[in-house]
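*Asks:* Would you mind keeping the following structure in view while I ask a few things?
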Amino acid sequence: MTAIACQAISKSYGHYEVLHDISLTIQEGECFSLFGPNGAGKTTLLKILATLQRPSEGRYEILGLDGLKEKETIRANMMFLAHGAYLYDDLNAKENLAFALALRGQTPTDRDMKLALDRVGIGAFAEMKIRNYSAGMKKRLALAKAMLAKPKVLLLDEPFTALDTAGTEIMREYIRERLSENGAVLMSTHDHDKARPITSRAGMLNQGMLKEISLEALKSDELF
């Protein structure tokens, strides 16, 4: 089944066109890695697919659902892990998880949350307020949220930022797990070395236009 289908997506802010005529199809079980320089439009594309922004032109579907007309159903089957953590500083890890999942209509048990926090390596800090977390710990907590939500479509904006070697492998292992369960992943990243082991297909976004590139090209520094 097609997980993500973009048809001629364009996005402009005034006279500035950020995205131009983007067409992209991602199947279940695929991880598509999106590369490109700063300002190329990668985050804008992810926000559109996450139903947080409207395209200026074009249309898209997520799991066969119209991205402009069926937002709520899409959001129930998707998760967007943005570059920022978007966590509540005055809540601890478990409280953040419970609150975020409640917004999705899910009620994880204490055991579920403990297992997720242990899996991402911050179980010992479950009662600590987020204001005391490092950037890497916050990224791990966001990943624990995704693990509990189990979205069919996962959108990741710079997923390896702030993660050490162990955290990077935890992130990759979770992506592999989603793919093995017929999930689909679209991630934007600057780190082709970390992305390459889990990438099914890849594309280069530059000056608002998308060009698919070979996996072999990910081994070349000339593109990046």
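Identifiers in this document derive from the order of the structure tokens: chains are assigned A, B, ..., residues are numbered from 1 separately in each chain, and ligands are numbered from 1 in order of occurrence.
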Please identify which residues in stretch 3-167 of chain A DSSP calls strand (DSSP E or B) from the backbone, and express them as a PyMOL selection string.
*Replies:* chain A and resi 3-13+16-27+31-35+57-62+65-66+78-81+92+129+153-157
*Asks:* Hey, can you spit out that residue selection with C-alpha atoms as a PDB file, in the first residue's frame?
*Replies:*
ATOM      1  CA  ALA A   3       1.889   5.338   2.542  1.00  0.00           C
ATOM      2  CA  ILE A   4       2.709   8.819   1.193  1.00  0.00           C
ATOM      3  CA  ALA A   5       1.769  10.247  -2.183  1.00  0.00           C
ATOM      4  CA  CYS A   6       2.556  13.851  -3.153  1.00  0.00           C
ATOM      5  CA  GLN A   7       1.277  15.263  -6.409  1.00  0.00           C
ATOM      6  CA  ALA A   8       2.771  18.533  -7.681  1.00  0.00           C
ATOM      7  CA  ILE A   9       3.185  20.096  -4.242  1.00  0.00           C
ATOM      8  CA  SER A  10       4.329  23.713  -4.242  1.00  0.00           C
ATOM      9  CA  LYS A  11       4.626  26.151  -1.339  1.00  0.00           C
ATOM     10  CA  SER A  12       5.191  29.881  -1.508  1.00  0.00           C
ATOM     11  CA  TYR A  13       5.529  32.627   1.065  1.00  0.00           C
ATOM     12  CA  TYR A  16       9.277  33.319  -2.505  1.00  0.00           C
ATOM     13  CA  GLU A  17       8.669  29.741  -3.648  1.00  0.00           C
ATOM     14  CA  VAL A  18      10.034  27.269  -1.077  1.00  0.00           C
ATOM     15  CA  LEU A  19       8.807  24.089  -2.808  1.00  0.00           C
ATOM     16  CA  HIS A  20       8.221  23.669  -6.533  1.00  0.00           C
ATOM     17  CA  ASP A  21       6.156  20.882  -8.089  1.00  0.00           C
ATOM     18  CA  ILE A  22       7.143  18.123  -5.654  1.00  0.00           C
ATOM     19  CA  SER A  23       5.894  14.654  -6.560  1.00  0.00           C
ATOM     20  CA  LEU A  24       6.880  11.723  -4.363  1.00  0.00           C
ATOM     21  CA  THR A  25       5.521   8.280  -3.557  1.00  0.00           C
ATOM     22  CA  ILE A  26       6.637   6.196  -0.580  1.00  0.00           C
ATOM     23  CA  GLN A  27       5.376   2.670  -0.034  1.00  0.00           C
ATOM     24  CA  CYS A  31      12.457   4.625   4.511  1.00  0.00           C
ATOM     25  CA  PHE A  32      12.999   7.647   2.268  1.00  0.00           C
ATOM     26  CA  SER A  33      15.881   9.903   3.300  1.00  0.00           C
ATOM     27  CA  LEU A  34      15.656  13.523   2.218  1.00  0.00           C
ATOM     28  CA  PHE A  35      18.874  15.505   1.848  1.00  0.00           C
ATOM     29  CA  GLU A  57      -0.625  24.109  -4.891  1.00  0.00           C
ATOM     30  CA  GLY A  58      -0.960  20.382  -5.352  1.00  0.00           C
ATOM     31  CA  ARG A  59      -2.363  17.644  -3.165  1.00  0.00           C
ATOM     32  CA  TYR A  60      -1.169  14.713  -1.103  1.00  0.00           C
ATOM     33  CA  GLU A  61      -2.460  11.541   0.484  1.00  0.00           C
ATOM     34  CA  ILE A  62      -1.333   9.674   3.576  1.00  0.00           C
ATOM     35  CA  LEU A  65      -6.449   9.697   3.005  1.00  0.00           C
ATOM     36  CA  ASP A  66      -6.715  13.203   1.572  1.00  0.00           C
ATOM     37  CA  MET A  78       1.151   9.466  11.889  1.00  0.00           C
ATOM     38  CA  MET A  79       3.793  11.007  14.111  1.00  0.00           C
ATOM     39  CA  PHE A  80       6.084  13.917  13.317  1.00  0.00           C
ATOM     40  CA  LEU A  81       9.257  14.188  15.389  1.00  0.00           C
ATOM     41  CA  ASN A  92       8.873  14.780  34.094  1.00  0.00           C
ATOM     42  CA  LYS A 129      11.791  17.320  35.102  1.00  0.00           C
ATOM     43  CA  VAL A 153       3.792   6.773   9.087  1.00  0.00           C
ATOM     44  CA  LEU A 154       6.766   8.390  10.812  1.00  0.00           C
ATOM     45  CA  LEU A 155       8.145  11.783   9.781  1.00  0.00           C
ATOM     46  CA  LEU A 156      11.565  12.657  11.198  1.00  0.00           C
ATOM     47  CA  ASP A 157      13.324  16.016  10.982  1.00  0.00           C
TER      48      ASP A 157
END
*Asks:* Between A:Gly121, A:Thr168, A:Ala149, A:Met128, single out the one closest to A:Ala100, counting only C-alpha atoms.
*Replies:*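 With only C-alpha atoms as the atom set, the closest residue is A:Ala149.
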*Asks:* Based on the backbone DSSP call, show me all residues of chain A assigned alpha helix (DSSP H), as a VMD selection string.
*Replies:* chain A and resid 42 to 49 71 to 76 93 to 103 110 to 119 135 to 149 165 to 180 192 to 195
*Asks:* Considering only C-alpha atoms, can you say which of A:Gly84, A:Asp193, A:Arg75, A:Met147 comes closest to A:Asp112?
*Replies:*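 Distance minimum relative to A:Asp112 lands on A:Met147.
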*Asks:* What's the 12 Å shell around A:Leu97, counting only C-alpha atoms, without same-chain residues fewer than 5 positions away, as a PyMOL selection string?
*Replies:* chain A and resi 86-88+91-92+102-104+106-110+112-114+116-117+126-127+130+138+140-149
*Asks:* So what do you get for atom CA of A:Val185 versus atom CA of A:Ala124, distance-wise?
*Replies:*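 Distance between the two atoms: 29.1 Å.
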*Asks:* Might you pull out every residue within 9 Å of A:Thr51, with only C-alpha atoms counted and same-chain residues fewer than 2 positions away left off, and present them as a PDB file with C-alpha atoms, in the first residue's frame?
*Replies:*
ATOM      1  CA  LEU A  46       7.563  17.531   6.342  1.00  0.00           C
ATOM      2  CA  LYS A  47       5.237  20.074   7.967  1.00  0.00           C
ATOM      3  CA  ILE A  48       2.900  19.907   4.978  1.00  0.00           C
ATOM      4  CA  LEU A  49       2.783  16.106   5.120  1.00  0.00           C
ATOM      5  CA  GLN A  53       0.807  23.591   6.824  1.00  0.00           C
ATOM      6  CA  ARG A  54      -1.184  23.757   3.623  1.00  0.00           C
ATOM      7  CA  GLY A  67      -4.191  15.427   3.368  1.00  0.00           C
ATOM      8  CA  LEU A  68      -6.390  18.503   3.094  1.00  0.00           C
ATOM      9  CA  LYS A  71      -6.407  15.633   8.761  1.00  0.00           C
ATOM     10  CA  GLU A  72      -7.663  14.159  12.023  1.00  0.00           C
ATOM     11  CA  ILE A  74      -4.202  11.091   9.286  1.00  0.00           C
ATOM     12  CA  ARG A  75      -2.851  12.467  12.568  1.00  0.00           C
TER      13      ARG A  75
END
*Asks:* Taking only C-alpha atoms into account, which of A:Val120, A:Gly29, A:Gly36, A:Glu95 comes nearest A:Lys211?
*Replies:*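 Answer, going by the shortest atom-to-atom distance: A:Gly36.
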*Asks:* Which one is closest to A:Tyr174: A:Pro151, A:Ala162, A:Ala40, A:Met1? Count only C-alpha atoms.
*Replies:*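 Among A:Pro151, A:Ala162, A:Ala40, A:Met1, it is A:Pro151 that comes nearest to A:Tyr174.
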